[in-house]
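Visitor: The file below is entry16.json, JSON, C-alpha atoms:
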```json
[["chain", "number", "residue", "atom", "x", "y", "z"],
["A", 124, "MET", "CA", -67.14, 121.97, -65.93],
["A", 125, "LYS", "CA", -70.57, 120.50, -66.61],
["A", 126, "GLN", "CA", -73.13, 120.46, -63.84],
["A", 127, "PHE", "CA", -74.32, 117.15, -62.46],
["A", 128, "SER", "CA", -77.01, 118.19, -60.02],
["A", 129, "HIS", "CA", -77.77, 114.65, -58.89],
["A", 130, "TYR", "CA", -74.21, 113.79, -57.85],
["A", 131, "HIS", "CA", -73.89, 113.87, -54.07],
["A", 132, "LEU", "CA", -70.72, 113.63, -52.00],
["A", 133, "ILE", "CA", -71.07, 112.62, -48.35],
["A", 134, "ILE", "CA", -68.28, 113.53, -45.95],
["A", 135, "PHE", "CA", -68.13, 111.77, -42.59],
["A", 136, "ALA", "CA", -66.66, 114.17, -40.02],
["A", 137, "LYS", "CA", -66.04, 114.01, -36.29],
["A", 138, "TYR", "CA", -65.80, 117.16, -34.20],
["A", 139, "PRO", "CA", -62.24, 117.56, -32.89],
["A", 140, "LEU", "CA", -61.95, 117.23, -29.12],
["A", 141, "ALA", "CA", -58.69, 116.55, -27.30],
["A", 142, "GLY", "CA", -58.73, 113.05, -25.88],
["A", 143, "LYS", "CA", -61.57, 111.93, -28.17],
["A", 144, "SER", "CA", -60.03, 112.64, -31.56],
["A", 145, "LYS", "CA", -57.63, 110.34, -33.38],
["A", 146, "THR", "CA", -57.25, 108.32, -30.18],
["A", 147, "ARG", "CA", -54.91, 105.77, -31.79],
["A", 148, "LEU", "CA", -52.49, 108.62, -32.50],
["A", 149, "ILE", "CA", -52.48, 109.92, -28.93],
["A", 150, "PRO", "CA", -49.52, 107.75, -27.84],
["A", 151, "ALA", "CA", -47.40, 109.39, -30.56],
["A", 152, "LEU", "CA", -48.80, 112.93, -30.58],
["A", 153, "GLY", "CA", -50.61, 113.50, -27.30],
["A", 154, "PRO", "CA", -54.32, 114.36, -27.05],
["A", 155, "ASN", "CA", -54.07, 118.01, -28.11],
["A", 156, "ASN", "CA", -51.93, 117.40, -31.18],
["A", 157, "ALA", "CA", -54.03, 114.42, -32.21],
["A", 158, "ALA", "CA", -57.06, 116.74, -32.22],
["A", 159, "ARG", "CA", -55.09, 119.41, -34.11],
["A", 160, "LEU", "CA", -54.15, 116.86, -36.74],
["A", 161, "GLN", "CA", -57.79, 115.90, -37.15],
["A", 162, "ILE", "CA", -58.65, 119.56, -37.67],
["A", 163, "ALA", "CA", -55.94, 119.90, -40.31],
["A", 164, "LEU", "CA", -56.93, 116.74, -42.19],
["A", 165, "THR", "CA", -60.62, 117.67, -42.15],
["A", 166, "GLU", "CA", -59.97, 121.19, -43.40],
["A", 167, "LEU", "CA", -57.64, 119.83, -46.09],
["A", 168, "THR", "CA", -60.41, 117.52, -47.29],
["A", 169, "ILE", "CA", -62.83, 120.45, -47.46],
["A", 170, "ARG", "CA", -60.36, 122.57, -49.44],
["A", 171, "LYS", "CA", -59.90, 119.77, -51.97],
["A", 172, "ILE", "CA", -63.64, 119.32, -52.41],
["A", 173, "ASN", "CA", -64.59, 123.00, -52.62],
["A", 174, "PRO", "CA", -63.76, 123.43, -56.35],
["A", 175, "LEU", "CA", -66.18, 120.61, -57.24],
["A", 176, "LEU", "CA", -68.82, 122.17, -55.03],
["A", 177, "ILE", "CA", -68.35, 125.68, -56.44],
["A", 178, "SER", "CA", -68.38, 124.41, -60.03],
["A", 179, "GLY", "CA", -71.75, 122.73, -59.54],
["A", 180, "TYR", "CA", -70.36, 119.28, -60.27],
["A", 181, "LEU", "CA", -71.80, 117.91, -57.04],
["A", 182, "HIS", "CA", -73.70, 118.63, -53.85],
["A", 183, "ALA", "CA", -71.85, 118.03, -50.60],
["A", 184, "HIS", "CA", -73.24, 116.74, -47.31],
["A", 185, "ILE", "CA", -71.45, 116.52, -43.99],
["A", 186, "PHE", "CA", -72.66, 113.77, -41.69],
["A", 187, "PHE", "CA", -71.18, 114.73, -38.34],
["A", 188, "THR", "CA", -70.79, 113.42, -34.82],
["A", 189, "GLY", "CA", -69.50, 114.74, -31.50],
["A", 190, "CYS", "CA", -71.06, 118.20, -31.54],
["A", 191, "THR", "CA", -74.12, 120.31, -32.24],
["A", 192, "LEU", "CA", -75.23, 121.52, -35.65],
["A", 193, "LYS", "CA", -74.22, 125.06, -34.70],
["A", 194, "GLU", "CA", -70.70, 123.96, -33.74],
["A", 195, "ILE", "CA", -70.01, 122.01, -36.93],
["A", 196, "ARG", "CA", -71.45, 124.75, -39.15],
["A", 197, "THR", "CA", -69.40, 127.39, -37.37],
["A", 198, "TRP", "CA", -66.28, 125.32, -37.99],
["A", 199, "LEU", "CA", -66.81, 124.15, -41.58],
["A", 200, "GLY", "CA", -69.09, 126.81, -43.03],
["A", 201, "SER", "CA", -72.51, 127.07, -44.62],
["A", 202, "SER", "CA", -71.79, 125.50, -48.03],
["A", 203, "PHE", "CA", -72.89, 122.03, -46.94],
["A", 204, "VAL", "CA", -76.03, 120.16, -46.05],
["A", 205, "TYR", "CA", -75.51, 118.94, -42.49],
["A", 206, "ARG", "CA", -76.94, 115.83, -40.89],
["A", 207, "GLU", "CA", -76.03, 114.17, -37.61],
["A", 208, "GLN", "CA", -74.85, 110.57, -37.92],
["A", 209, "VAL", "CA", -77.28, 107.99, -36.58],
["A", 210, "ALA", "CA", -76.36, 105.83, -33.61],
["A", 211, "GLY", "CA", -74.91, 102.42, -34.37],
["A", 212, "ASP", "CA", -71.88, 100.94, -36.06],
["A", 213, "LEU", "CA", -70.14, 102.40, -39.09],
["A", 214, "GLY", "CA", -72.14, 100.23, -41.46],
["A", 215, "LEU", "CA", -75.45, 101.51, -40.15],
["A", 216, "LYS", "CA", -74.18, 105.09, -40.34],
["A", 217, "MET", "CA", -73.13, 104.73, -43.96],
["A", 218, "SER", "CA", -76.24, 102.85, -45.02],
["A", 219, "ASN", "CA", -78.39, 105.55, -43.44],
["A", 220, "ALA", "CA", -76.40, 108.31, -45.18],
["A", 221, "PHE", "CA", -76.88, 106.70, -48.58],
["A", 222, "THR", "CA", -80.59, 106.21, -47.97],
["A", 223, "ASP", "CA", -80.88, 109.87, -47.00],
["A", 224, "VAL", "CA", -79.29, 111.29, -50.14],
["A", 225, "PHE", "CA", -81.02, 108.88, -52.51],
["A", 226, "HIS", "CA", -84.49, 109.25, -51.03],
["A", 227, "GLU", "CA", -84.46, 112.77, -49.58],
["A", 228, "HIS", "CA", -82.21, 114.51, -52.12],
["A", 229, "ALA", "CA", -82.92, 112.58, -55.32],
["A", 230, "ALA", "CA", -79.30, 111.58, -55.83],
["A", 231, "SER", "CA", -78.46, 109.48, -58.87],
["A", 232, "ARG", "CA", -74.88, 108.78, -57.75],
["A", 233, "ALA", "CA", -73.51, 109.11, -54.23],
["A", 234, "VAL", "CA", -70.05, 108.75, -52.74],
["A", 235, "ILE", "CA", -68.94, 108.65, -49.09],
["A", 236, "VAL", "CA", -65.46, 109.69, -47.97],
["A", 237, "GLY", "CA", -63.87, 110.23, -44.59],
["A", 238, "THR", "CA", -61.50, 113.00, -43.55],
["A", 239, "ASP", "CA", -58.33, 111.07, -42.75],
["A", 240, "ILE", "CA", -57.02, 110.36, -46.27],
["A", 241, "TYR", "CA", -54.17, 112.79, -46.82],
["A", 242, "HIS", "CA", -53.63, 111.81, -50.47],
["A", 243, "LEU", "CA", -57.29, 111.94, -51.51],
["A", 244, "HIS", "CA", -57.46, 114.22, -54.56],
["A", 245, "THR", "CA", -60.11, 115.65, -56.84],
["A", 246, "ASP", "CA", -59.22, 113.25, -59.65],
["A", 247, "ILE", "CA", -60.04, 110.28, -57.43],
["A", 248, "ILE", "CA", -63.45, 111.71, -56.57],
["A", 249, "LEU", "CA", -64.13, 112.44, -60.25],
["A", 250, "GLU", "CA", -63.14, 108.89, -61.16],
["A", 251, "ALA", "CA", -65.47, 107.53, -58.48],
["A", 252, "PHE", "CA", -68.50, 109.40, -59.80],
["A", 253, "ASP", "CA", -67.64, 108.64, -63.42],
["A", 254, "SER", "CA", -67.27, 104.92, -62.73],
["A", 255, "LEU", "CA", -70.78, 104.80, -61.28],
["A", 256, "GLY", "CA", -72.05, 105.33, -64.81],
["A", 257, "HIS", "CA", -70.88, 101.81, -65.66],
["A", 258, "HIS", "CA", -70.68, 100.08, -62.27],
["A", 259, "ASP", "CA", -72.97, 99.46, -59.31],
["A", 260, "LEU", "CA", -70.26, 100.00, -56.71],
["A", 261, "VAL", "CA", -66.97, 101.87, -56.45],
["A", 262, "LEU", "CA", -64.48, 101.35, -53.63],
["A", 263, "GLY", "CA", -61.24, 103.06, -52.67],
["A", 264, "PRO", "CA", -59.09, 100.38, -51.04],
["A", 265, "ALA", "CA", -57.22, 101.44, -47.92],
["A", 266, "ALA", "CA", -53.85, 99.98, -47.02],
["A", 267, "ASP", "CA", -55.22, 98.61, -43.74],
["A", 268, "GLY", "CA", -57.71, 96.31, -45.47],
["A", 269, "GLY", "CA", -60.69, 98.64, -45.30],
["A", 270, "TYR", "CA", -61.80, 101.30, -47.74],
["A", 271, "TYR", "CA", -61.56, 105.09, -47.71],
["A", 272, "LEU", "CA", -64.32, 105.70, -50.27],
["A", 273, "ILE", "CA", -67.49, 103.94, -51.28],
["A", 274, "GLY", "CA", -69.90, 104.95, -54.04],
["A", 275, "LEU", "CA", -73.29, 103.63, -55.11],
["A", 276, "ASN", "CA", -76.05, 104.52, -57.55],
["A", 277, "GLU", "CA", -78.81, 103.17, -55.30],
["A", 278, "PRO", "CA", -79.10, 102.08, -51.63],
["A", 279, "GLN", "CA", -77.52, 98.72, -50.88],
["A", 280, "PRO", "CA", -78.11, 98.06, -47.15],
["A", 281, "GLY", "CA", -76.88, 94.48, -47.41],
["A", 282, "LEU", "CA", -73.35, 95.68, -48.20],
["A", 283, "PHE", "CA", -73.06, 97.13, -44.70],
["A", 284, "GLN", "CA", -74.37, 94.23, -42.64],
["A", 285, "ASN", "CA", -72.28, 91.63, -40.79],
["A", 286, "ILE", "CA", -68.99, 93.43, -41.37],
["A", 287, "ALA", "CA", -66.16, 93.42, -38.81],
["A", 288, "TRP", "CA", -65.61, 97.18, -38.98],
["A", 289, "GLY", "CA", -62.06, 98.25, -38.20],
["A", 290, "SER", "CA", -60.62, 94.88, -39.19],
["A", 291, "SER", "CA", -58.35, 94.05, -42.12],
["A", 292, "SER", "CA", -61.15, 92.05, -43.79],
["A", 293, "VAL", "CA", -63.59, 94.91, -44.47],
["A", 294, "LEU", "CA", -62.73, 95.36, -48.15],
["A", 295, "GLU", "CA", -62.56, 91.63, -48.87],
["A", 296, "THR", "CA", -65.90, 90.96, -47.17],
["A", 297, "THR", "CA", -67.55, 93.85, -49.03],
["A", 298, "LEU", "CA", -66.24, 92.63, -52.38],
["A", 299, "ASN", "CA", -67.49, 89.10, -51.61],
["A", 300, "LYS", "CA", -70.93, 90.52, -50.90],
["A", 301, "ALA", "CA", -70.86, 92.49, -54.14],
["A", 302, "THR", "CA", -69.80, 89.43, -56.14],
["A", 303, "SER", "CA", -72.53, 87.30, -54.55],
["A", 304, "ASN", "CA", -75.11, 89.91, -55.56],
["A", 305, "LYS", "CA", -73.70, 90.16, -59.10],
["A", 306, "MET", "CA", -72.79, 93.81, -58.60],
["A", 307, "ARG", "CA", -70.36, 95.38, -61.05],
["A", 308, "PHE", "CA", -67.62, 97.11, -59.06],
["A", 309, "HIS", "CA", -64.66, 99.37, -59.75],
["A", 310, "LEU", "CA", -61.59, 99.76, -57.52],
["A", 311, "LEU", "CA", -59.77, 103.07, -57.18],
["A", 312, "LYS", "CA", -56.17, 103.76, -56.25],
["A", 313, "ARG", "CA", -55.02, 102.25, -52.94],
["A", 314, "LEU", "CA", -54.36, 104.91, -50.29],
["A", 315, "HIS", "CA", -53.39, 105.12, -46.62],
["A", 316, "ASP", "CA", -55.63, 106.19, -43.76],
["A", 317, "ILE", "CA", -53.90, 108.36, -41.18],
["A", 318, "ASP", "CA", -55.04, 106.42, -38.13],
["A", 319, "ARG", "CA", -52.01, 104.97, -36.35],
["A", 320, "PRO", "CA", -48.56, 106.27, -35.39],
["A", 321, "ASP", "CA", -46.93, 104.36, -38.24],
["A", 322, "ASP", "CA", -49.20, 106.18, -40.71],
["A", 323, "LEU", "CA", -47.65, 109.55, -39.88],
["A", 324, "LYS", "CA", -44.79, 108.79, -42.26],
["A", 325, "TYR", "CA", -47.22, 109.27, -45.15],
["A", 326, "LEU", "CA", -47.68, 112.96, -44.29],
["A", 327, "ASP", "CA", -45.44, 115.63, -45.76],
["A", 328, "GLU", "CA", -43.21, 117.36, -43.25],
["A", 329, "ASP", "CA", -44.56, 120.77, -44.29],
["A", 330, "PHE", "CA", -48.10, 119.62, -43.53],
["A", 331, "ILE", "CA", -47.09, 118.31, -40.10],
["A", 332, "SER", "CA", -45.15, 121.46, -39.22],
["A", 333, "SER", "CA", -48.00, 123.74, -40.28],
["A", 334, "SER", "CA", -50.61, 121.65, -38.44],
["A", 335, "LEU", "CA", -48.83, 121.02, -35.15],
["A", 336, "PRO", "CA", -46.98, 123.51, -32.92],
["A", 337, "LYS", "CA", -43.24, 123.19, -32.81],
["A", 338, "THR", "CA", -41.87, 121.75, -29.58]]
```
Spell out the structure here as structure tokens.

Guide:
Amino acid sequence: MKQFSHYHLIIFAKYPLAGKSKTRLIPALGPNNAARLQIALTELTIRKINPLLISGYLHAHIFFTGCTLKEIRTWLGSSFVYREQVAGDLGLKMSNAFTDVFHEHAASRAVIVGTDIYHLHTDIILEAFDSLGHHDLVLGPAADGGYYLIGLNEPQPGLFQNIAWGSSSVLETTLNKATSNKMRFHLLKRLHDIDRPDDLKYLDEDFISSSLPKT
């Protein structure tokens, strides 16, 4: 695989703590299993990304919250550039992450993903980076009306302002902003976040049984 040294993948990760992780899943799983599921989903995301990192296709950054640098590095390893998420809403966090990789790491294309998309695969990430050669913006629509992936080839702080984060209008509002600014955009495959009890049906039984203790 060719090397693209200016392609940067940003992973947003939250340190798993019982009672503070996947809180919307606690009614269905309990606090300990909700945290265990977050661990499993995060580690699955890392495993899927590792081949692209090892091949030299991209650089990977983990923007973390809920712990110290030592704790996150001990958990996820030393292959990543780590940066603590800034305070503020999700939009400010993402805007800051893009600014960091474009200005501090000379990125030419950058993509942000979370760690709760069970069906996120390498081909989707490759498509995202490839589409940035012909588009200003790439989005992975989520079934809940948000997006699970966003990619840019330069900072676009206006895309992240005045958004009702967590609502079903996030994707629509973002696309309206892009259209108003004459940005060329590309939409990826629609996928499901694993955020709410009803989302658990999108997980394979083998994954659930290997991630959570049998009762």

Visitor: Atom CA of A:Pro336 and atom CA of A:Tyr271, how far apart in Å?

Guide: 27.8 Å

Visitor: Have a look at A:Lys145, A:His228, A:His244, A:Arg313 and name the one nearest to A:Gly268; count only C-alpha atoms.

Guide: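 With only C-alpha atoms as the atom set, the closest residue is A:Arg313.
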
Visitor: Mind pulling up the distance from atom CA of A:Pro264 to atom CA of A:Phe308?

Guide: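 According to the coordinates, atom CA of A:Phe308 and atom CA of A:Pro264 are separated by 12.2 Å.
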
Visitor: In Å to one decimal, how far is atom CA of A:Pro320 from atom CA of A:Leu148?

Guide: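 Atom-to-atom, atom CA of A:Leu148 to atom CA of A:Pro320, that is 5.4 Å.
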
Visitor: Please identify all polymer residues within 10 Å of A:Arg159, counting only C-alpha atoms, omitting same-chain residues fewer than 4 positions from it, and present them as a list in words.

Guide: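 Everything that qualifies: Pro139, Leu140, Ala141, Ser144, Lys145, Leu152, Pro154, Asn155, Ala163, Leu164, Thr165, Ser334, Leu335 and Pro336 of chain A.
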
Visitor: Name the closest residue to A:Tyr180 among the candidates A:Leu243, A:Leu282, A:Tyr130, A:Thr302; distances are taken between atoms, counting only C-alpha atoms.

Guide: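 Nearest candidate to A:Tyr180 out of A:Leu243, A:Leu282, A:Tyr130, A:Thr302: A:Tyr130.
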
Visitor: With distances taken over all atoms listed in the file, which residue among A:Leu181, A:Leu199, A:Leu275, A:Leu192 lies nearest A:Glu166?

Guide: A:Leu199

Visitor: Calculated over all atoms listed in the file, which of the candidates A:Asp212, A:Ile149, A:His129, A:Asp253 has the smallest distance to A:Glu227?

Guide: A:His129

Visitor: Find the residues around A:Gly281 up to 12 Å (only C-alpha atoms counted), leave out those fewer than 6 positions away in its own chain, and share them as a PyMOL selection string.

Guide: chain A and resi 214-215+217-219+296-301+303-304+306

Visitor: Given the choices A:Ala233, A:Lys137, A:Leu262, A:Gly142, which gets closest to A:Asn156 if the distance is worked out from only C-alpha atoms?

Guide: A:Gly142

Visitor: Looking at all atoms listed in the file, which of A:Arg232, A:Thr238, A:Arg319, A:Arg170 is the one that sits closest to A:Phe187?

Guide: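 Selected residue with least distance to A:Phe187: A:Thr238.
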
Visitor: For A:Leu213, work out the shell of residues within 12 Å, counting only C-alpha atoms and skipping chain neighbours fewer than 5 positions away, then give it as an mmCIF file with C-alpha atoms, in the coordinates of the input.

Guide:
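The resulting selection-v2.cif:
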```
data_model
loop_
_atom_site.group_PDB
_atom_site.id
_atom_site.type_symbol
_atom_site.label_atom_id
_atom_site.label_comp_id
_atom_site.auth_asym_id
_atom_site.auth_seq_id
_atom_site.Cartn_x
_atom_site.Cartn_y
_atom_site.Cartn_z
ATOM 1 C CA PHE A 135 -68.130 111.770 -42.590
ATOM 2 C CA PHE A 186 -72.660 113.770 -41.690
ATOM 3 C CA THR A 188 -70.790 113.420 -34.820
ATOM 4 C CA GLN A 208 -74.850 110.570 -37.920
ATOM 5 C CA SER A 218 -76.240 102.850 -45.020
ATOM 6 C CA ASN A 219 -78.390 105.550 -43.440
ATOM 7 C CA ALA A 220 -76.400 108.310 -45.180
ATOM 8 C CA ILE A 235 -68.940 108.650 -49.090
ATOM 9 C CA GLY A 237 -63.870 110.230 -44.590
ATOM 10 C CA GLY A 269 -60.690 98.640 -45.300
ATOM 11 C CA LEU A 282 -73.350 95.680 -48.200
ATOM 12 C CA PHE A 283 -73.060 97.130 -44.700
ATOM 13 C CA GLN A 284 -74.370 94.230 -42.640
ATOM 14 C CA ASN A 285 -72.280 91.630 -40.790
ATOM 15 C CA ILE A 286 -68.990 93.430 -41.370
ATOM 16 C CA ALA A 287 -66.160 93.420 -38.810
ATOM 17 C CA TRP A 288 -65.610 97.180 -38.980
ATOM 18 C CA GLY A 289 -62.060 98.250 -38.200
ATOM 19 C CA VAL A 293 -63.590 94.910 -44.470
#
```

Visitor: With 3 Å of padding per side, what axis-aligned box (centre and edge lengths, Å, one decimal) covers all the listed atoms of stretch 174-186 of chain A? Give it as JSON.

Guide:
```
{"center_x": -68.7, "center_y": 119.7, "center_z": -51.0, "size_x": 15.9, "size_y": 17.9, "size_z": 24.6}
```

Visitor: Residues at most 10 Å from A:His315, counting all atoms listed in the file, excluding those fewer than 2 positions away in the same chain, as a list of chain:residue names?

Guide: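 In the requested format, the answer is A:Asp239, A:Ile240, A:Tyr241, A:His242, A:Leu243, A:Pro264, A:Ala265, A:Ala266, A:Asp267, A:Gly268, A:Gly269, A:Tyr270, A:Tyr271, A:Arg313, A:Ile317, A:Asp318, A:Asp322, A:Leu323, A:Tyr325, A:Leu326.
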
Visitor: Output C-alpha atoms for every residue in that selection, as a short mmCIF file (atom, residue, chain, number, x, y, z; two decimals), in the frame of the given file.

Guide:
```cif
data_model
loop_
_atom_site.label_atom_id
_atom_site.label_comp_id
_atom_site.auth_asym_id
_atom_site.auth_seq_id
_atom_site.Cartn_x
_atom_site.Cartn_y
_atom_site.Cartn_z
CA ASP A 239 -58.33 111.07 -42.75
CA ILE A 240 -57.02 110.36 -46.27
CA TYR A 241 -54.17 112.79 -46.82
CA HIS A 242 -53.63 111.81 -50.47
CA LEU A 243 -57.29 111.94 -51.51
CA PRO A 264 -59.09 100.38 -51.04
CA ALA A 265 -57.22 101.44 -47.92
CA ALA A 266 -53.85 99.98 -47.02
CA ASP A 267 -55.22 98.61 -43.74
CA GLY A 268 -57.71 96.31 -45.47
CA GLY A 269 -60.69 98.64 -45.30
CA TYR A 270 -61.80 101.30 -47.74
CA TYR A 271 -61.56 105.09 -47.71
CA ARG A 313 -55.02 102.25 -52.94
CA ILE A 317 -53.90 108.36 -41.18
CA ASP A 318 -55.04 106.42 -38.13
CA ASP A 322 -49.20 106.18 -40.71
CA LEU A 323 -47.65 109.55 -39.88
CA TYR A 325 -47.22 109.27 -45.15
CA LEU A 326 -47.68 112.96 -44.29
#
```
